[in-house]
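Trainee: Below is coords_34.txt; it holds compact mmCIF, N, CA and C atoms.
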```
# COMPACT_ATOMS: atom_id res chain seq x y z
N MET X 1343 0.45 -12.53 2.27
CA MET X 1343 0.76 -11.27 2.92
C MET X 1343 0.36 -11.40 4.38
N GLU X 1344 1.19 -10.80 5.21
CA GLU X 1344 0.93 -10.77 6.65
C GLU X 1344 0.90 -9.31 7.08
N ILE X 1345 -0.17 -8.92 7.78
CA ILE X 1345 -0.27 -7.55 8.29
C ILE X 1345 -0.33 -7.63 9.80
N ASN X 1346 0.58 -6.92 10.46
CA ASN X 1346 0.64 -6.86 11.92
C ASN X 1346 0.57 -5.39 12.31
N GLY X 1347 -0.58 -4.94 12.80
CA GLY X 1347 -0.77 -3.51 13.04
C GLY X 1347 -0.82 -2.83 11.69
N THR X 1348 0.14 -1.94 11.43
CA THR X 1348 0.24 -1.31 10.11
C THR X 1348 1.42 -1.84 9.31
N ASN X 1349 2.20 -2.75 9.89
CA ASN X 1349 3.36 -3.31 9.21
C ASN X 1349 2.94 -4.46 8.30
N ILE X 1350 3.53 -4.50 7.10
CA ILE X 1350 3.19 -5.51 6.10
C ILE X 1350 4.43 -6.34 5.77
N ARG X 1351 4.23 -7.66 5.64
CA ARG X 1351 5.26 -8.58 5.17
C ARG X 1351 4.70 -9.30 3.95
N LEU X 1352 5.47 -9.33 2.87
CA LEU X 1352 5.02 -9.93 1.63
C LEU X 1352 6.19 -10.69 1.00
N ILE X 1353 5.91 -11.90 0.53
CA ILE X 1353 6.94 -12.66 -0.18
C ILE X 1353 7.12 -12.03 -1.56
N ARG X 1354 8.38 -11.79 -1.92
CA ARG X 1354 8.68 -11.14 -3.20
C ARG X 1354 8.00 -11.89 -4.34
N GLY X 1355 7.34 -11.11 -5.20
CA GLY X 1355 6.69 -11.66 -6.38
C GLY X 1355 5.27 -12.15 -6.16
N ASP X 1356 4.80 -12.19 -4.92
CA ASP X 1356 3.42 -12.62 -4.67
C ASP X 1356 2.45 -11.51 -5.03
N SER X 1357 1.23 -11.91 -5.37
CA SER X 1357 0.15 -10.97 -5.64
C SER X 1357 -0.83 -10.98 -4.47
N ASP X 1358 -1.33 -9.82 -4.12
CA ASP X 1358 -2.30 -9.70 -3.04
C ASP X 1358 -2.98 -8.36 -3.17
N SER X 1359 -3.82 -8.01 -2.22
CA SER X 1359 -4.46 -6.70 -2.25
C SER X 1359 -4.74 -6.24 -0.83
N ILE X 1360 -4.90 -4.93 -0.71
CA ILE X 1360 -5.23 -4.29 0.56
C ILE X 1360 -6.53 -3.54 0.35
N THR X 1361 -7.49 -3.74 1.24
CA THR X 1361 -8.76 -3.04 1.16
C THR X 1361 -8.77 -1.91 2.17
N VAL X 1362 -9.09 -0.71 1.69
CA VAL X 1362 -9.15 0.47 2.56
C VAL X 1362 -10.61 0.87 2.71
N GLN X 1363 -11.06 0.87 3.96
CA GLN X 1363 -12.43 1.29 4.28
C GLN X 1363 -12.34 2.31 5.41
N LEU X 1364 -12.98 3.43 5.24
CA LEU X 1364 -12.95 4.49 6.24
C LEU X 1364 -14.18 4.41 7.14
N SER X 1365 -14.02 4.94 8.35
CA SER X 1365 -15.16 5.04 9.27
C SER X 1365 -15.00 6.29 10.12
N GLU X 1366 -16.11 6.80 10.57
CA GLU X 1366 -16.15 7.88 11.55
C GLU X 1366 -16.96 7.36 12.72
N GLY X 1367 -16.29 7.18 13.86
CA GLY X 1367 -16.97 6.54 14.98
C GLY X 1367 -17.29 5.12 14.59
N ASN X 1368 -18.54 4.73 14.73
CA ASN X 1368 -18.97 3.38 14.36
C ASN X 1368 -19.62 3.35 12.98
N GLU X 1369 -19.61 4.46 12.27
CA GLU X 1369 -20.27 4.56 10.98
C GLU X 1369 -19.25 4.47 9.84
N ALA X 1370 -19.57 3.68 8.83
CA ALA X 1370 -18.73 3.61 7.63
C ALA X 1370 -18.81 4.94 6.89
N LYS X 1371 -17.67 5.40 6.38
CA LYS X 1371 -17.62 6.61 5.56
C LYS X 1371 -17.11 6.18 4.19
N PRO X 1372 -17.99 6.05 3.21
CA PRO X 1372 -17.56 5.54 1.90
C PRO X 1372 -16.68 6.53 1.15
N LEU X 1373 -15.73 5.99 0.43
CA LEU X 1373 -14.95 6.79 -0.52
C LEU X 1373 -15.85 7.06 -1.72
N VAL X 1374 -15.70 8.25 -2.31
CA VAL X 1374 -16.61 8.68 -3.38
C VAL X 1374 -15.82 9.16 -4.59
N THR X 1375 -16.53 9.34 -5.69
CA THR X 1375 -15.92 9.89 -6.91
C THR X 1375 -15.25 11.22 -6.58
N GLY X 1376 -14.02 11.36 -7.02
CA GLY X 1376 -13.24 12.56 -6.73
C GLY X 1376 -12.20 12.34 -5.64
N ASP X 1377 -12.39 11.32 -4.79
CA ASP X 1377 -11.38 10.95 -3.81
C ASP X 1377 -10.23 10.22 -4.52
N ILE X 1378 -9.02 10.36 -4.00
CA ILE X 1378 -7.85 9.67 -4.56
C ILE X 1378 -7.08 9.03 -3.41
N VAL X 1379 -6.84 7.73 -3.52
CA VAL X 1379 -6.09 6.98 -2.50
C VAL X 1379 -4.71 6.67 -3.07
N TYR X 1380 -3.67 7.02 -2.31
CA TYR X 1380 -2.28 6.78 -2.70
C TYR X 1380 -1.66 5.75 -1.76
N PHE X 1381 -1.10 4.69 -2.32
CA PHE X 1381 -0.31 3.71 -1.58
C PHE X 1381 1.10 3.83 -2.14
N THR X 1382 2.05 4.27 -1.31
CA THR X 1382 3.40 4.56 -1.79
C THR X 1382 4.43 3.77 -1.00
N VAL X 1383 5.34 3.11 -1.71
CA VAL X 1383 6.44 2.36 -1.09
C VAL X 1383 7.75 3.02 -1.50
N LYS X 1384 8.61 3.26 -0.50
CA LYS X 1384 9.94 3.85 -0.73
C LYS X 1384 10.98 3.07 0.07
N LYS X 1385 12.25 3.32 -0.25
CA LYS X 1385 13.34 2.70 0.52
C LYS X 1385 13.39 3.25 1.93
N SER X 1386 13.06 4.53 2.10
CA SER X 1386 12.95 5.14 3.43
C SER X 1386 12.02 6.34 3.31
N ALA X 1387 11.54 6.81 4.43
CA ALA X 1387 10.64 7.97 4.44
C ALA X 1387 11.35 9.24 3.96
N PHE X 1388 12.67 9.22 3.97
CA PHE X 1388 13.45 10.40 3.61
C PHE X 1388 13.87 10.42 2.15
N GLU X 1389 13.54 9.38 1.41
CA GLU X 1389 13.83 9.29 -0.03
C GLU X 1389 12.76 10.05 -0.81
N THR X 1390 13.12 10.57 -1.95
CA THR X 1390 12.10 11.15 -2.83
C THR X 1390 11.65 10.14 -3.87
N ALA X 1391 12.53 9.22 -4.25
CA ALA X 1391 12.20 8.22 -5.27
C ALA X 1391 11.26 7.16 -4.70
N LYS X 1392 10.24 6.82 -5.47
CA LYS X 1392 9.30 5.78 -5.08
C LYS X 1392 9.78 4.44 -5.64
N VAL X 1393 9.65 3.38 -4.85
CA VAL X 1393 9.90 2.03 -5.37
C VAL X 1393 8.71 1.64 -6.23
N PHE X 1394 7.50 1.85 -5.72
CA PHE X 1394 6.29 1.76 -6.52
C PHE X 1394 5.16 2.48 -5.81
N GLN X 1395 4.16 2.85 -6.59
CA GLN X 1395 3.02 3.58 -6.05
C GLN X 1395 1.76 3.12 -6.77
N LYS X 1396 0.68 3.01 -6.01
CA LYS X 1396 -0.63 2.71 -6.57
C LYS X 1396 -1.53 3.90 -6.30
N ILE X 1397 -2.27 4.32 -7.32
CA ILE X 1397 -3.21 5.43 -7.19
C ILE X 1397 -4.59 4.88 -7.54
N ILE X 1398 -5.49 4.95 -6.56
CA ILE X 1398 -6.82 4.36 -6.71
C ILE X 1398 -7.86 5.48 -6.77
N THR X 1399 -8.65 5.48 -7.83
CA THR X 1399 -9.70 6.49 -8.00
C THR X 1399 -11.08 5.86 -8.20
N ASP X 1400 -11.13 4.54 -8.37
CA ASP X 1400 -12.40 3.83 -8.50
C ASP X 1400 -12.60 2.96 -7.26
N PHE X 1401 -13.80 2.96 -6.75
CA PHE X 1401 -14.07 2.30 -5.48
C PHE X 1401 -15.19 1.27 -5.62
N VAL X 1402 -15.11 0.22 -4.81
CA VAL X 1402 -16.10 -0.84 -4.79
C VAL X 1402 -16.84 -0.76 -3.47
N ASP X 1403 -18.11 -0.44 -3.53
CA ASP X 1403 -18.93 -0.28 -2.32
C ASP X 1403 -18.30 0.71 -1.34
N GLY X 1404 -17.71 1.78 -1.87
CA GLY X 1404 -17.12 2.81 -1.03
C GLY X 1404 -15.75 2.46 -0.47
N LYS X 1405 -15.18 1.35 -0.93
CA LYS X 1405 -13.87 0.89 -0.45
C LYS X 1405 -12.85 0.95 -1.58
N ALA X 1406 -11.60 1.23 -1.22
CA ALA X 1406 -10.50 1.20 -2.19
C ALA X 1406 -9.83 -0.17 -2.11
N ILE X 1407 -9.67 -0.81 -3.24
CA ILE X 1407 -8.94 -2.08 -3.32
C ILE X 1407 -7.60 -1.76 -3.96
N ILE X 1408 -6.52 -1.94 -3.20
CA ILE X 1408 -5.17 -1.65 -3.68
C ILE X 1408 -4.52 -2.97 -4.10
N PRO X 1409 -4.35 -3.18 -5.40
CA PRO X 1409 -3.73 -4.43 -5.85
C PRO X 1409 -2.21 -4.34 -5.77
N ILE X 1410 -1.61 -5.40 -5.28
CA ILE X 1410 -0.15 -5.53 -5.34
C ILE X 1410 0.10 -6.73 -6.24
N THR X 1411 0.78 -6.48 -7.36
CA THR X 1411 0.96 -7.53 -8.36
C THR X 1411 2.36 -8.13 -8.29
N HIS X 1412 2.51 -9.23 -8.96
CA HIS X 1412 3.81 -9.89 -9.09
C HIS X 1412 4.86 -8.91 -9.60
N ASP X 1413 4.49 -8.14 -10.63
CA ASP X 1413 5.44 -7.21 -11.24
C ASP X 1413 5.86 -6.08 -10.30
N ASP X 1414 5.01 -5.73 -9.33
CA ASP X 1414 5.36 -4.66 -8.40
C ASP X 1414 6.57 -5.01 -7.54
N THR X 1415 6.70 -6.29 -7.16
CA THR X 1415 7.73 -6.66 -6.18
C THR X 1415 8.77 -7.65 -6.69
N LYS X 1416 8.61 -8.17 -7.91
CA LYS X 1416 9.47 -9.26 -8.38
C LYS X 1416 10.96 -8.92 -8.42
N ASP X 1417 11.30 -7.64 -8.58
CA ASP X 1417 12.70 -7.24 -8.65
C ASP X 1417 13.21 -6.53 -7.40
N MET X 1418 12.37 -6.47 -6.35
CA MET X 1418 12.78 -5.78 -5.13
C MET X 1418 13.75 -6.65 -4.32
N GLU X 1419 14.65 -5.98 -3.62
CA GLU X 1419 15.56 -6.68 -2.71
C GLU X 1419 14.80 -7.18 -1.50
N PHE X 1420 15.30 -8.25 -0.88
CA PHE X 1420 14.72 -8.74 0.36
C PHE X 1420 15.17 -7.80 1.47
N LYS X 1421 14.28 -6.94 1.95
CA LYS X 1421 14.64 -6.01 3.02
C LYS X 1421 13.41 -5.23 3.46
N LEU X 1422 13.62 -4.33 4.42
CA LEU X 1422 12.56 -3.46 4.91
C LEU X 1422 12.48 -2.20 4.05
N TYR X 1423 11.27 -1.87 3.68
CA TYR X 1423 10.96 -0.61 3.01
C TYR X 1423 9.98 0.12 3.91
N VAL X 1424 9.49 1.25 3.46
CA VAL X 1424 8.49 1.99 4.21
C VAL X 1424 7.35 2.34 3.25
N TYR X 1425 6.12 2.35 3.79
CA TYR X 1425 4.97 2.73 2.98
C TYR X 1425 4.05 3.60 3.80
N ASP X 1426 3.15 4.30 3.12
CA ASP X 1426 2.03 4.95 3.79
C ASP X 1426 0.84 4.92 2.85
N ILE X 1427 -0.32 5.26 3.40
CA ILE X 1427 -1.53 5.40 2.60
C ILE X 1427 -2.10 6.78 2.89
N GLN X 1428 -2.26 7.55 1.83
CA GLN X 1428 -2.76 8.93 1.94
C GLN X 1428 -3.99 9.06 1.04
N ILE X 1429 -4.95 9.86 1.50
CA ILE X 1429 -6.14 10.14 0.70
C ILE X 1429 -6.24 11.63 0.47
N THR X 1430 -6.48 12.01 -0.78
CA THR X 1430 -6.88 13.37 -1.10
C THR X 1430 -8.37 13.28 -1.40
N PHE X 1431 -9.16 13.90 -0.53
CA PHE X 1431 -10.61 13.85 -0.68
C PHE X 1431 -11.07 14.81 -1.77
N ALA X 1432 -12.25 14.58 -2.28
CA ALA X 1432 -12.81 15.39 -3.37
C ALA X 1432 -12.83 16.87 -3.02
N ASP X 1433 -12.94 17.21 -1.73
CA ASP X 1433 -12.98 18.62 -1.32
C ASP X 1433 -11.58 19.23 -1.17
N GLY X 1434 -10.52 18.44 -1.48
CA GLY X 1434 -9.15 18.94 -1.40
C GLY X 1434 -8.44 18.64 -0.09
N THR X 1435 -9.16 18.14 0.90
CA THR X 1435 -8.56 17.76 2.18
C THR X 1435 -7.62 16.57 1.98
N VAL X 1436 -6.44 16.62 2.60
CA VAL X 1436 -5.45 15.54 2.51
C VAL X 1436 -5.28 14.92 3.88
N LYS X 1437 -5.33 13.59 3.94
CA LYS X 1437 -5.19 12.89 5.21
C LYS X 1437 -4.38 11.62 5.00
N THR X 1438 -3.33 11.46 5.80
CA THR X 1438 -2.56 10.22 5.80
C THR X 1438 -3.25 9.28 6.77
N ILE X 1439 -3.83 8.21 6.26
CA ILE X 1439 -4.61 7.31 7.12
C ILE X 1439 -3.78 6.16 7.66
N VAL X 1440 -2.65 5.85 7.01
CA VAL X 1440 -1.67 4.91 7.57
C VAL X 1440 -0.34 5.64 7.57
N PRO X 1441 0.21 5.91 8.75
CA PRO X 1441 1.49 6.63 8.83
C PRO X 1441 2.62 5.77 8.28
N PRO X 1442 3.79 6.37 8.05
CA PRO X 1442 4.91 5.57 7.56
C PRO X 1442 5.08 4.30 8.42
N SER X 1443 5.06 3.16 7.74
CA SER X 1443 5.11 1.85 8.39
C SER X 1443 6.00 0.92 7.59
N GLN X 1444 6.36 -0.20 8.18
CA GLN X 1444 7.25 -1.16 7.52
C GLN X 1444 6.54 -1.92 6.42
N PHE X 1445 7.24 -2.07 5.30
CA PHE X 1445 6.81 -2.92 4.20
C PHE X 1445 7.99 -3.83 3.91
N GLU X 1446 7.91 -5.07 4.40
CA GLU X 1446 9.04 -5.99 4.31
C GLU X 1446 8.85 -6.96 3.15
N ILE X 1447 9.86 -7.04 2.32
CA ILE X 1447 9.87 -8.02 1.23
C ILE X 1447 10.65 -9.24 1.73
N MET X 1448 9.93 -10.37 1.79
CA MET X 1448 10.47 -11.61 2.30
C MET X 1448 11.05 -12.45 1.15
N PRO X 1449 12.03 -13.32 1.47
CA PRO X 1449 12.60 -14.19 0.44
C PRO X 1449 11.57 -15.14 -0.16
N GLU X 1450 11.81 -15.50 -1.40
CA GLU X 1450 11.01 -16.50 -2.08
C GLU X 1450 11.90 -17.69 -2.42
N VAL X 1451 11.29 -18.82 -2.60
CA VAL X 1451 12.03 -20.03 -2.98
C VAL X 1451 11.76 -20.36 -4.44
N THR X 1452 10.52 -20.28 -4.86
CA THR X 1452 10.13 -20.60 -6.24
C THR X 1452 10.15 -19.33 -7.07
N TYR X 1453 10.99 -19.31 -8.07
CA TYR X 1453 11.13 -18.14 -8.94
C TYR X 1453 10.42 -18.40 -10.27
N GLU X 1454 9.15 -18.69 -10.25
CA GLU X 1454 8.40 -18.99 -11.48
C GLU X 1454 7.43 -17.87 -11.76
```
Kindly present the structure from the file in structure tokens form.
Mentor:
Amino acid sequence: MEINGTNIRLIRGDSDSITVQLSEGNEAKPLVTGDIVYFTVKKSAFETAKVFQKIITDFVDGKAIIPITHDDTKDMEFKLYVYDIQITFADGTVKTIVPPSQFEIMPEVTYE
């Protein structure tokens, strides 16, 4: 996986993960029980249908680990999609921490 700014490029069928860690100023702000992290991929920001979505409610050292598995992308077309990352905090506050950004599925050579 290659991340440039907020844009992601991933070879179709590869497995990887994204770690989300929050901060306020120079201080880490851990994610806690009751927080929900959403990673959503769509064909465009204007679509209602999701290509796939990950919902994370368990955190490691206050960080969300978003797994992207082989099965998530193995049938996707080689093209640009859009994704964002949104958090619903335990107090009900909703914040999009990564705005709609490119999620590009790159060609693969080995189909195993």
Trainee: Calculated over only C-alpha atoms, which of the candidates X:Ile1408, X:Val1436, X:Met1343, X:Ile1447 has the smallest distance to Thr1382 in chain X?
Mentor: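 Between X:Ile1408, X:Val1436, X:Met1343, X:Ile1447, the residue approaching Thr1382 in chain X most closely is X:Ile1408.
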Trainee: Quick one: residues within 12 Å of Thr1399 in chain X, only C-alpha atoms counted, chain neighbours fewer than 3 positions away excluded, as a PyMOL selection string?
Mentor: chain X and resi 1373-1381+1396+1402+1404-1408+1429-1432
Trainee: Can you tell me, as a list in words, what residues are no more than 6 Å from range 1413-1423 of chain X when counting only C-alpha atoms, ignoring any on the same chain fewer than 5 positions away?
Mentor: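 The contact residues come out as Arg1354, Gly1355, Lys1384, Lys1385, Gln1444, Phe1445, Glu1446, Ile1447, Met1448 and Pro1449 of chain X.
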Trainee: Once you have the residues from the selection above, write them out as a compact mmCIF listing (two decimals), keeping the file's coordinate frame, restricted to N, CA and C atoms.
Mentor:
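Writing done, so here's selection29.txt:
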```txt
# COMPACT_ATOMS: atom_id res chain seq x y z
N ARG X 1354 8.38 -11.79 -1.92
CA ARG X 1354 8.68 -11.14 -3.20
C ARG X 1354 8.00 -11.89 -4.34
N GLY X 1355 7.34 -11.11 -5.20
CA GLY X 1355 6.69 -11.66 -6.38
C GLY X 1355 5.27 -12.15 -6.16
N LYS X 1384 8.61 3.26 -0.50
CA LYS X 1384 9.94 3.85 -0.73
C LYS X 1384 10.98 3.07 0.07
N LYS X 1385 12.25 3.32 -0.25
CA LYS X 1385 13.34 2.70 0.52
C LYS X 1385 13.39 3.25 1.93
N GLN X 1444 6.36 -0.20 8.18
CA GLN X 1444 7.25 -1.16 7.52
C GLN X 1444 6.54 -1.92 6.42
N PHE X 1445 7.24 -2.07 5.30
CA PHE X 1445 6.81 -2.92 4.20
C PHE X 1445 7.99 -3.83 3.91
N GLU X 1446 7.91 -5.07 4.40
CA GLU X 1446 9.04 -5.99 4.31
C GLU X 1446 8.85 -6.96 3.15
N ILE X 1447 9.86 -7.04 2.32
CA ILE X 1447 9.87 -8.02 1.23
C ILE X 1447 10.65 -9.24 1.73
N MET X 1448 9.93 -10.37 1.79
CA MET X 1448 10.47 -11.61 2.30
C MET X 1448 11.05 -12.45 1.15
N PRO X 1449 12.03 -13.32 1.47
CA PRO X 1449 12.60 -14.19 0.44
C PRO X 1449 11.57 -15.14 -0.16
```
Trainee: Which residue out of X:Asp1356, X:Asp1400, X:Glu1369, X:Asp1426 has the minimum interatomic distance to Tyr1453 in chain X when only C-alpha atoms are used?
Mentor: X:Asp1356
Trainee: Counting only C-alpha atoms, which of X:Leu1352, X:Thr1438, X:Ser1443, X:Gln1395 gets nearest to Val1383 in chain X?
Mentor: X:Gln1395
Trainee: Could you please determine the separation between CA of Ser1386 in chain X and CA of Asn1349 in chain X in Å, to one decimal place?
Mentor: 14.0 Å
Trainee: What is the CA of Pro1442 in chain X to CA of Glu1389 in chain X distance in Å?
Mentor: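 Interatomic distance, CA of Pro1442 in chain X to CA of Glu1389 in chain X: 12.3 Å.
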Trainee: Rounded to one decimal in Å, what is the spacing between CA of Ser1365 in chain X and atom N of Ile1397 in chain X?
Mentor: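 Atom-to-atom, CA of Ser1365 in chain X to atom N of Ile1397 in chain X, that is 21.0 Å.
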Trainee: List every residue of range 1351-1448 of chain X that DSSP, applied to the backbone, labels as strand (DSSP E or B), and write the result as a ChimeraX atom specification.
Mentor: /X:1351-1353,1358-1362,1364-1366,1369-1371,1378-1384,1394-1398,1402,1405-1410,1422-1430,1436-1448
Trainee: Could you check which of X:Phe1401, X:Glu1454, X:Ala1391, X:Tyr1425 is closest to Pro1441 in chain X, using all atoms listed in the file?
Mentor: X:Tyr1425
Trainee: Which of these, X:Asn1368, X:Gln1428, X:Thr1435, X:Asn1346, has the shortest distance to Ile1398 in chain X once you count only C-alpha atoms?
Mentor: X:Gln1428
Trainee: Run DSSP on the backbone of this structure and report the residues of range 1379-1415 of chain X it assigns to alpha helix (DSSP H), as a ChimeraX atom specification.
Mentor: /X:1412-1415
Trainee: Once 6 Å is added on each side, what centre and edge lengths in Å to one decimal does the axis-aligned box around all listed atoms of range 1384-1395 of chain X have, as lines of an AutoDock Vina configuration file?
Mentor:
```
center_x = 7.8
center_y = 6.4
center_z = -1.2
size_x = 24.1
size_y = 21.5
size_z = 23.2
```
